[in-house]
Each structure stands twice: as C-alpha cells, then as structure tokens.
file start.txt (compact mmCIF, C-alpha atoms and all ligand atoms)
# COMPACT_ATOMS: atom_id res chain seq x y z
CA MET I 1289 -27.08 -9.52 -7.31
CA GLU I 1290 -30.29 -10.03 -5.35
CA LYS I 1291 -31.63 -6.88 -3.69
CA THR I 1292 -31.31 -6.62 0.10
CA VAL I 1293 -34.65 -6.23 1.83
CA TYR I 1294 -34.84 -4.49 5.19
CA PRO I 1295 -37.66 -4.97 7.66
CA VAL I 1296 -38.49 -1.20 7.66
CA ILE I 1297 -38.21 -0.90 11.45
CA LYS I 1298 -35.11 -1.03 13.63
CA TRP I 1299 -35.42 -3.25 16.70
CA ALA I 1300 -33.50 -3.21 19.97
CA GLY I 1301 -31.51 -6.43 20.24
CA GLY I 1302 -32.02 -6.93 16.50
CA LYS I 1303 -29.79 -9.33 14.59
CA ARG I 1304 -29.16 -7.20 11.51
CA ARG I 1305 -25.34 -7.23 11.85
CA LEU I 1306 -25.08 -10.87 12.88
CA ALA I 1307 -27.59 -12.20 10.33
CA PRO I 1308 -24.93 -13.29 7.78
CA VAL I 1309 -22.94 -15.41 10.27
CA ILE I 1310 -26.03 -16.99 11.78
CA ALA I 1311 -27.46 -17.72 8.33
CA SER I 1312 -24.22 -19.35 7.17
CA ARG I 1313 -24.39 -21.73 10.14
CA PHE I 1314 -27.96 -22.66 9.13
CA TYR I 1315 -26.79 -23.53 5.62
CA ASP I 1316 -23.55 -25.25 6.67
CA ASP I 1317 -25.45 -27.48 9.10
CA GLY I 1318 -28.18 -28.21 6.57
CA LEU I 1319 -30.85 -26.80 8.87
CA LEU I 1320 -32.83 -24.88 6.28
CA ARG I 1321 -33.94 -27.00 3.36
CA PRO I 1322 -35.89 -25.87 0.29
CA GLY I 1323 -39.56 -26.65 0.79
CA ALA I 1324 -39.31 -26.46 4.60
CA THR I 1325 -40.89 -23.64 6.58
CA TYR I 1326 -38.75 -21.20 8.55
CA PHE I 1327 -40.22 -20.02 11.88
CA GLU I 1328 -39.09 -17.02 13.91
CA PRO I 1329 -41.16 -16.97 17.12
CA PHE I 1330 -39.53 -13.93 18.77
CA LEU I 1331 -39.79 -11.96 15.56
CA GLY I 1332 -39.07 -8.35 16.62
CA GLY I 1333 -37.48 -6.62 13.64
CA GLY I 1334 -37.16 -10.01 11.90
CA ALA I 1335 -33.58 -9.35 10.77
CA LEU I 1336 -32.90 -13.05 10.12
CA MET I 1337 -36.16 -13.64 8.30
CA PHE I 1338 -35.56 -10.70 5.97
CA TYR I 1339 -31.92 -11.68 5.46
CA LEU I 1340 -32.69 -15.33 4.63
CA LYS I 1341 -35.54 -14.49 2.25
CA HIS I 1342 -36.65 -18.10 2.54
CA LYS I 1343 -39.82 -19.09 0.73
CA ASN I 1344 -42.45 -20.08 3.33
CA ALA I 1345 -41.84 -18.41 6.67
CA VAL I 1346 -43.88 -17.60 9.77
CA GLY I 1347 -43.09 -14.83 12.24
CA ILE I 1348 -44.61 -14.94 15.72
CA ASP I 1349 -44.45 -12.24 18.38
CA GLN I 1350 -46.39 -11.41 21.51
CA ASN I 1351 -46.38 -7.70 20.75
CA PRO I 1352 -49.79 -6.93 19.18
CA GLU I 1353 -48.66 -3.62 17.68
CA LEU I 1354 -45.66 -5.24 15.99
CA ILE I 1355 -47.73 -8.01 14.42
CA ASN I 1356 -50.40 -5.52 13.36
CA PHE I 1357 -47.65 -3.48 11.67
CA TYR I 1358 -46.38 -6.51 9.69
CA ASN I 1359 -49.90 -7.41 8.61
CA VAL I 1360 -50.53 -3.86 7.41
CA LEU I 1361 -47.20 -3.97 5.55
CA LYS I 1362 -48.48 -7.12 3.90
CA ASN I 1363 -52.01 -5.94 3.11
CA ASP I 1364 -51.94 -2.16 2.79
CA PRO I 1365 -48.38 -0.83 2.23
CA GLU I 1366 -49.45 2.27 0.28
CA GLY I 1367 -51.98 3.15 2.98
CA LEU I 1368 -49.27 2.86 5.61
CA TYR I 1369 -46.84 5.05 3.66
CA GLU I 1370 -49.48 7.73 2.96
CA LYS I 1371 -50.61 7.79 6.57
CA LEU I 1372 -47.03 8.35 7.74
CA GLN I 1373 -46.48 11.14 5.23
CA LYS I 1374 -49.81 12.88 5.84
CA ASP I 1375 -50.65 12.41 9.49
CA PHE I 1376 -47.29 11.97 11.20
CA ALA I 1377 -44.28 13.51 9.37
CA PRO I 1378 -45.60 17.12 9.24
CA TYR I 1379 -46.38 17.24 12.96
CA HIS I 1380 -43.18 15.76 14.38
CA SER I 1381 -42.19 17.35 17.70
CA GLU I 1382 -41.69 16.32 21.31
CA THR I 1383 -45.32 17.16 22.19
CA PHE I 1384 -46.61 15.23 19.19
CA TYR I 1385 -44.44 12.21 20.09
CA TYR I 1386 -45.94 11.97 23.58
CA GLU I 1387 -49.44 12.56 22.24
CA ILE I 1388 -49.02 9.63 19.86
CA ARG I 1389 -47.27 7.42 22.39
CA ASN I 1390 -50.00 7.97 24.96
CA ARG I 1391 -52.79 6.86 22.64
CA ASP I 1392 -52.52 3.42 24.22
CA LEU I 1393 -53.74 4.90 27.51
CA GLU I 1394 -57.16 5.35 25.92
CA ALA I 1395 -59.42 2.53 27.11
CA ASP I 1396 -60.68 1.67 23.62
CA PHE I 1397 -57.32 2.11 21.84
CA MET I 1398 -57.50 -1.14 19.84
CA LYS I 1399 -61.05 -0.50 18.62
CA LYS I 1400 -60.88 3.26 18.16
CA TYR I 1401 -57.97 3.29 15.72
CA LYS I 1402 -57.91 1.51 12.38
CA LYS I 1403 -55.20 -1.07 11.77
CA VAL I 1404 -53.36 1.28 9.42
CA ASP I 1405 -53.42 4.08 12.05
CA ARG I 1406 -51.99 1.74 14.67
CA ALA I 1407 -49.30 0.55 12.24
CA ALA I 1408 -48.30 4.12 11.36
CA ARG I 1409 -48.16 4.99 15.08
CA PHE I 1410 -45.93 1.97 15.61
CA VAL I 1411 -43.49 3.00 12.86
CA TYR I 1412 -43.49 6.64 13.95
CA LEU I 1413 -42.68 5.71 17.57
CA ASN I 1414 -40.00 3.26 16.40
CA LYS I 1415 -38.30 6.05 14.44
CA SER I 1416 -38.58 8.81 17.02
CA CYS I 1417 -38.15 7.08 20.38
CA PHE I 1418 -34.97 6.62 22.38
CA ASN I 1419 -32.74 3.99 20.72
CA GLY I 1420 -35.59 2.39 18.75
CA ILE I 1421 -36.72 0.58 21.89
CA TRP I 1422 -40.23 -0.77 22.35
CA ARG I 1423 -40.78 -1.12 26.05
CA VAL I 1424 -44.06 -1.39 27.92
CA ASN I 1425 -45.02 -1.26 31.59
CA SER I 1426 -46.93 -3.99 33.44
CA LYS I 1427 -50.20 -2.66 31.97
CA GLY I 1428 -48.86 -2.91 28.45
CA HIS I 1429 -48.49 0.87 27.97
CA ASN I 1430 -45.50 2.14 26.00
CA ASN I 1431 -43.17 4.12 28.26
CA VAL I 1432 -40.16 4.90 26.04
CA PRO I 1433 -38.99 8.55 26.01
CA TRP I 1434 -38.52 10.72 22.93
CA ASN I 1435 -35.11 10.65 21.19
CA HIS I 1436 -34.74 14.46 21.25
CA GLN I 1437 -34.20 14.65 17.47
CA ASP I 1438 -35.93 17.50 15.67
CA LYS I 1439 -36.09 15.47 12.46
CA VAL I 1440 -37.66 12.07 12.02
CA SER I 1441 -36.53 9.73 9.26
CA LEU I 1442 -39.56 7.74 8.14
CA PRO I 1443 -39.28 4.85 5.66
CA SER I 1444 -39.28 5.63 1.95
CA LEU I 1445 -41.99 4.27 -0.33
CA GLU I 1446 -39.32 2.13 -1.97
CA SER I 1447 -38.30 0.42 1.27
CA VAL I 1448 -41.93 -0.15 2.30
CA MET I 1449 -42.73 -1.70 -1.09
CA ALA I 1450 -39.57 -3.83 -1.12
CA ALA I 1451 -40.49 -5.37 2.25
CA HIS I 1452 -44.11 -5.79 1.09
CA ASP I 1453 -43.06 -7.51 -2.16
CA TYR I 1454 -40.85 -9.94 -0.28
CA ILE I 1455 -43.70 -10.82 2.12
CA ILE I 1456 -46.24 -11.30 -0.65
CA SER I 1457 -44.10 -13.26 -3.07
CA ASN I 1458 -42.65 -15.68 -0.50
CA ASN I 1459 -45.71 -16.81 1.44
CA ILE I 1460 -44.82 -15.11 4.71
CA SER I 1461 -47.32 -14.93 7.55
CA PHE I 1462 -47.39 -13.23 10.92
CA VAL I 1463 -48.98 -14.59 14.06
CA ARG I 1464 -49.65 -12.69 17.25
CA GLY I 1465 -49.08 -14.69 20.41
CA ASP I 1466 -46.76 -16.62 22.62
CA TYR I 1467 -43.73 -18.31 21.05
CA LYS I 1468 -45.06 -21.69 22.21
CA LYS I 1469 -47.59 -21.52 19.37
CA VAL I 1470 -44.77 -22.78 17.19
CA LEU I 1471 -45.31 -26.25 18.66
CA ASP I 1472 -48.67 -26.46 16.88
CA LEU I 1473 -47.45 -24.93 13.64
CA ALA I 1474 -44.02 -26.42 12.83
CA GLU I 1475 -43.61 -29.83 11.22
CA SER I 1476 -40.82 -32.34 10.84
CA GLY I 1477 -38.01 -30.92 8.66
CA ASP I 1478 -38.79 -27.25 9.47
CA LEU I 1479 -36.40 -24.86 11.21
CA VAL I 1480 -37.29 -22.70 14.22
CA TYR I 1481 -34.93 -19.86 15.15
CA PHE I 1482 -35.47 -18.40 18.63
CA ASP I 1483 -34.10 -14.97 19.51
CA PRO I 1484 -35.67 -14.46 22.95
CA PRO I 1485 -35.02 -11.66 25.42
CA TYR I 1486 -31.54 -12.55 26.66
CA ASP I 1487 -30.61 -14.13 29.96
CA VAL I 1488 -29.20 -11.64 32.44
CA GLU I 1489 -26.88 -12.51 35.33
CA PRO I 1490 -28.79 -11.90 38.61
CA LEU I 1491 -26.76 -8.87 39.70
CA GLN I 1492 -26.55 -7.29 36.27
CA SER I 1493 -29.16 -5.16 34.63
CA GLY I 1494 -30.52 -6.14 31.26
CA PHE I 1495 -33.42 -5.32 29.02
CA THR I 1496 -36.12 -8.02 29.04
CA SER I 1497 -39.34 -5.99 29.11
CA TYR I 1498 -40.29 -6.04 25.41
CA THR I 1499 -43.70 -7.28 26.53
CA LYS I 1500 -45.67 -6.85 29.76
CA GLN I 1501 -45.00 -10.48 30.72
CA GLY I 1502 -41.18 -10.11 30.86
CA PHE I 1503 -38.74 -13.01 30.39
CA GLY I 1504 -36.73 -14.44 33.30
CA ARG I 1505 -34.92 -17.70 34.07
CA LYS I 1506 -38.13 -19.66 34.53
CA GLU I 1507 -39.05 -18.64 30.97
CA GLN I 1508 -35.55 -19.58 29.72
CA LYS I 1509 -36.04 -23.10 31.14
CA GLU I 1510 -39.47 -23.39 29.54
CA LEU I 1511 -37.95 -22.36 26.22
CA LYS I 1512 -35.35 -25.15 26.52
CA ASP I 1513 -38.20 -27.66 27.15
CA ILE I 1514 -39.97 -26.43 24.03
CA CYS I 1515 -36.75 -26.88 22.03
CA ASP I 1516 -36.45 -30.46 23.32
CA GLU I 1517 -40.01 -31.13 22.25
CA LEU I 1518 -39.44 -29.69 18.79
CA LEU I 1519 -36.35 -31.86 18.35
CA ARG I 1520 -38.36 -34.93 19.32
CA LYS I 1521 -40.80 -34.00 16.55
CA GLY I 1522 -37.98 -33.89 14.00
CA ILE I 1523 -37.79 -30.09 13.84
CA CYS I 1524 -34.41 -28.28 13.76
CA VAL I 1525 -33.87 -25.49 16.29
CA ALA I 1526 -31.44 -22.62 16.68
CA ILE I 1527 -31.35 -20.29 19.68
CA SER I 1528 -29.51 -17.02 20.23
CA ASN I 1529 -28.82 -16.03 23.82
CA SER I 1530 -26.22 -14.45 26.02
CA ASN I 1531 -23.14 -16.43 26.95
CA THR I 1532 -23.97 -16.87 30.64
CA GLY I 1533 -23.12 -19.88 32.80
CA PHE I 1534 -26.85 -20.49 33.26
CA ILE I 1535 -27.59 -20.77 29.54
CA LYS I 1536 -24.48 -22.86 28.82
CA GLN I 1537 -25.43 -25.28 31.58
CA LEU I 1538 -29.03 -25.42 30.44
CA TYR I 1539 -28.10 -26.59 26.96
CA THR I 1540 -25.13 -28.82 27.80
CA LYS I 1541 -26.18 -30.67 30.95
CA SER I 1542 -28.21 -33.36 29.23
CA THR I 1543 -27.59 -35.67 26.31
CA ASP I 1544 -29.87 -33.66 24.03
CA GLY I 1545 -27.05 -33.05 21.59
CA TYR I 1546 -27.05 -29.27 21.28
CA SER I 1547 -23.96 -27.60 19.78
CA LEU I 1548 -22.91 -24.28 21.25
CA TYR I 1549 -21.19 -21.64 19.17
CA THR I 1550 -19.91 -18.32 20.24
CA ILE I 1551 -19.49 -15.49 17.81
CA VAL I 1552 -15.90 -14.36 18.06
CA ASP I 1553 -16.01 -11.90 15.23
CA GLU I 1554 -18.52 -10.94 12.58
CA ASN I 1555 -17.29 -13.53 10.12
CA LYS I 1556 -16.69 -16.58 12.28
CA LEU I 1557 -18.70 -18.78 14.57
CA ARG I 1558 -16.67 -21.08 16.76
CA LEU I 1559 -17.57 -23.81 19.18
CA ALA I 1560 -17.69 -22.28 22.65
CA ARG I 1561 -15.59 -24.97 24.30
CA THR I 1562 -12.65 -24.36 21.97
CA ILE I 1563 -12.22 -20.82 23.23
CA ALA I 1564 -13.14 -21.33 26.89
CA GLY I 1565 -10.97 -19.41 29.26
CA LYS I 1566 -9.44 -16.91 26.86
CA ALA I 1567 -12.52 -15.46 25.37
CA CYS I 1568 -13.08 -12.32 27.38
CA SER I 1569 -11.09 -9.92 25.24
CA ARG I 1570 -12.90 -10.83 22.02
CA ARG I 1571 -15.82 -8.95 20.57
CA TYR I 1572 -19.24 -10.63 20.54
CA VAL I 1573 -18.09 -13.16 23.06
CA ASN I 1574 -21.25 -12.58 25.02
CA GLU I 1575 -23.28 -13.95 22.16
CA LEU I 1576 -24.18 -17.67 21.96
CA LEU I 1577 -25.72 -19.53 19.07
CA ILE I 1578 -27.12 -22.91 20.06
CA ILE I 1579 -27.97 -25.43 17.37
CA GLY I 1580 -30.15 -28.48 17.84
CA LYS I 1581 -30.60 -31.08 15.11
CA PRO I 1582 -33.03 -33.95 15.51
CA VAL I 1583 -31.39 -37.34 15.80
CA GLU I 1584 -31.94 -39.28 12.57
CA LYS I 1585 -34.21 -42.25 13.20
CA SER I 1586 -32.33 -45.50 12.70
CA PHE I 1587 -33.12 -49.17 12.65
CA SER I 1588 -30.46 -51.75 13.52
CA GLY I 1589 -27.87 -49.07 13.06
CA ILE I 1590 -29.05 -48.29 9.51
CA SER I 1591 -30.00 -44.68 8.95
CA LEU I 1592 -33.51 -44.21 7.59
CA LYS I 1593 -32.71 -40.72 6.26
C1 LIG M 1 -34.59 -9.88 21.15
S1 LIG M 1 -36.12 -9.41 20.42
C2 LIG M 1 -35.99 -10.20 18.86
C3 LIG M 1 -35.15 -9.41 17.90
C4 LIG M 1 -35.21 -9.92 16.46
N1 LIG M 1 -34.55 -11.18 16.33
C5 LIG M 1 -34.60 -8.92 15.50
O1 LIG M 1 -33.68 -9.23 14.76
O2 LIG M 1 -35.06 -7.78 15.51
C6 LIG M 1 -37.27 -10.33 21.31
C7 LIG M 1 -38.73 -10.28 20.81
O3 LIG M 1 -39.47 -11.29 21.50
C8 LIG M 1 -40.79 -10.84 21.75
N2 LIG M 1 -41.29 -11.65 22.88
C9 LIG M 1 -40.97 -11.57 24.20
N3 LIG M 1 -41.59 -12.55 24.90
C10 LIG M 1 -42.29 -13.28 24.00
C11 LIG M 1 -43.11 -14.45 24.08
N4 LIG M 1 -43.33 -15.06 25.25
N5 LIG M 1 -43.66 -14.94 22.95
C12 LIG M 1 -43.46 -14.32 21.75
N6 LIG M 1 -42.69 -13.21 21.60
C13 LIG M 1 -42.13 -12.70 22.71
C14 LIG M 1 -40.65 -9.36 22.01
O4 LIG M 1 -41.86 -8.70 21.72
C15 LIG M 1 -39.49 -8.99 21.06
O5 LIG M 1 -40.01 -8.53 19.84

call {"tool": "encode", "arguments": {"input": "start.txt", "output": "structure tokens"}}
result
Amino acid sequence: MEKTVYPVIKWAGGKRRLAPVIASRFYDDGLLRPGATYFEPFLGGGALMFYLKHKNAVGIDQNPELINFYNVLKNDPEGLYEKLQKDFAPYHSETFYYEIRNRDLEADFMKKYKKVDRAARFVYLNKSCFNGIWRVNSKGHNNVPWNHQDKVSLPSLESVMAAHDYIISNNISFVRGDYKKVLDLAESGDLVYFDPPYDVEPLQSGFTSYTKQGFGRKEQKELKDICDELLRKGICVAISNSNTGFIKQLYTKSTDGYSLYTIVDENKLRLARTIAGKACSRRYVNELLIIGKPVEKSFSGISLK
C-alpha cells in the first residue's frame, strides 16, 4: 500500500480527518483529472493536498512564515531537521517559547534570520503553542500562548523526508499571497479547493484571524465571485465552509449550479437539502462542501466535451 504522507505541521481548522470524504467526492464527480493541476489557495496544513498526492499541485497562503516553511521543506529538509534538533529541542521551556515567539517583534525579523531559522521557528511554535494555532494581531505579530507542556514533540527525520520527497517528486510549488492569485495561475480543466476561514454567525464567536487581514462576510462574498469567475474559465471548484444560512444562500441563490453537501458522518457526504430540518443532532452537520463544475460548452444541444 502507498505510504501516507503527513504535512509535518498540525493546523487549526485542518482537514486531516475529513480529507478522505472530501477526496472521494472529487473523484466521484470527476473533478480531479490526471494531467490537471490541483490548487489549494488557503493551504494551511495542506491536509487535502498531502492526502491526494496529486502530481502537479500549487499551494497558496497569505501567511509568509507558513509558505517559507514549505519552501524550506522543499529545498533544505536536512537543514530544517538539524536546526530543530540543535537550536530548539534542547532549550524548550516557557521562557524559550516566548523568546522565540517574540522574534517577530524585531524590526528586521525577515532579514535578520535565514529562511531555515524562520522555518524552524515556525515548526517549533506550531508544536509548542496552545492547540497548534497560528494567530497574529493587526500588526502581524504572533500572539498565541504556550501550551504548558514540558516536552515538545518535534518531527522525526523520517516524516520531514517523506513530506520533502512527495513535494519534490510530484512537482509541488508554494506561493505566498492572496488566494485571488489562483485566477492568474489556474487553467481550464484544473481543480481549485478553497478551505477559507469559516463564516461565523454574527452573534457567535469564531476563529478567523489566521492572518492580520481577517476574513469576514465581505470576504466570503468576494470568494464566491472568484469561484464564479473560475467556473466561467472552465475550472472546477470546491469550497469548504460552515453550514450557515449566509453561506447556503450565497451559493444557492443564483443559477450558478453549485451542489451543496453536508458531511453527516466521516464516511458519507450527503446533499444538504435531503437532510434539511433534521440535521442538528448529527455530527459534522456544521460542515458544508460546495462543488462547482463548469457547464460543458455545447452547440445546438450537442456537447463539445
Ligand atoms: C482554515 S485554514 C486552512 C486549513 C487547511 N485546509 C488544512 O487542512 O490545514 C485557512 C488558511 O487560510 C489562510 N488565509 C487566510 N486568508 C487568506 C487569504 N486572503 N489568502 C490566502 N490565504 C489566506 C490562513 O493563513 C490559513 O492558513
């Protein structure tokens, strides 16, 4: 059996557990074809990308430290592993954690530290912060507290090299920037999977501050417009989001032809409308998967597929 590859880091809101059900929908709907490129523009921990192991993939994220980490994993995995073992593991403590976290307060942080140092800091913080969260304030400074664990579990050389080998042998690239960059990069026949910060009902609290820009309802609407544009270009889209009235309305009000699925257990995806009304007691019911397939161009009713 093919070896499972993990993305090395654990990411808040990550799709590791749901990856198999989401991936099966991609294959059942014929969204991911051999030769096409797979795009994940809110990459985070990249659980889907690493699960799919598709040849030709592009990950995009606005978090500069995350993208720097992936590029170091691609270009200097041994350097990253050694750095973690030598300069981080032996010094682990609460004081050390805050010392490392607060490096980004230094004015010349990006220039002062080498890429491999920044990547090791990123992994160390990911493994020793509260709940593996990466959260920044409006100035872009990490403000996540320590996890109060005396031991830190850093990635093994084997797991670092497995992720590296997958990246190298499958033509995977990482781009730092806004998810909208995908509009310039994806081509007809490709698949773009969006896993944005989730919509939150106005009176509820939710975590959307992965980046200093945040992600509210205005951004959710912009994302829908981008999906429409991708569909017009012949590109397949899939979007994960929370099962709120706002998101359901956004993707069902027009004739764009999106299909909405809600995950009712780990092994099944069902159309949301078939379970409307009696869904609240089920697990994962807050999770929506929205699929958009471009309309096949036709001429006099004959498909040009
Ligand atoms: C819910 S997480 C993605 C989790 C990922 N699917 C996984 O399995 O780990 C959302 C990600 O979107 C990124 N992000 C937020 N706003 C963005 C934007 N405007 N453009 C690109 N990435 C953005 C955050 O940095 C964060 O990594």

call {"tool": "residues_near_ligand", "arguments": {"input": "start.txt", "ligand": "ligand LIG 1 (chain M)", "cutoff": "9 Å", "atoms": "only C-alpha atoms and all ligand atoms", "output": "count of residues only"}}
result
52

call {"tool": "atom_distance", "arguments": {"input": "start.txt", "atom1": "CA of Gln1508 in chain I", "atom2": "CA of Leu1538 in chain I"}}
result
8.8 Å

call {"tool": "residues_around", "arguments": {"input": "start.txt", "residues": "Lys1506 in chain I", "least_positions_apart": "6", "cutoff": "12 Å", "atoms": "all atoms listed in the file", "output": "list in words"}}
result
Asp1487, Lys1512, Asp1513, Phe1534, Ile1535 and Leu1538 of chain I

call {"tool": "residues_near_point", "arguments": {"input": "start.txt", "point": "(-30.0, -25.9, 7.5)", "cutoff": "12 Å", "atoms": "all atoms listed in the file", "output": "ChimeraX atom specification"}}
result
/I:1310-1326,1340,1342,1477-1481,1523-1526,1579-1582

call {"tool": "closest_residue", "arguments": {"input": "start.txt", "among": "I:Gly1428, I:Gly1347, I:Gly1533, I:Gly1522", "to": "Ile1460 in chain I", "atoms": "all atoms listed in the file"}}
result
I:Gly1347

call {"tool": "closest_residue", "arguments": {"input": "start.txt", "among": "I:Tyr1339, I:Tyr1385, I:Phe1397, I:Tyr1539", "to": "Lys1439 in chain I", "atoms": "only C-alpha atoms"}}
result
I:Tyr1385

call {"tool": "closest_residue", "arguments": {"input": "start.txt", "among": "I:Ile1578, I:Thr1292, I:Val1404, I:Arg1520", "to": "Val1360 in chain I", "atoms": "all atoms listed in the file"}}
result
I:Val1404

call {"tool": "atom_distance", "arguments": {"input": "start.txt", "atom1": "CA of Asn1531 in chain I", "atom2": "CA of Asp1516 in chain I"}}
result
19.7 Å

call {"tool": "atom_distance", "arguments": {"input": "start.txt", "atom1": "CA of Ala1451 in chain I", "atom2": "CA of Leu1576 in chain I"}}
result
28.4 Å

call {"tool": "residues_around", "arguments": {"input": "start.txt", "residues": "Phe1357 in chain I", "least_positions_apart": "3", "cutoff": "9 Å", "atoms": "only C-alpha atoms", "output": "PyMOL selection string"}}
result
chain I and resi 1352-1354+1360-1362+1368+1403-1404+1406-1408+1410-1411
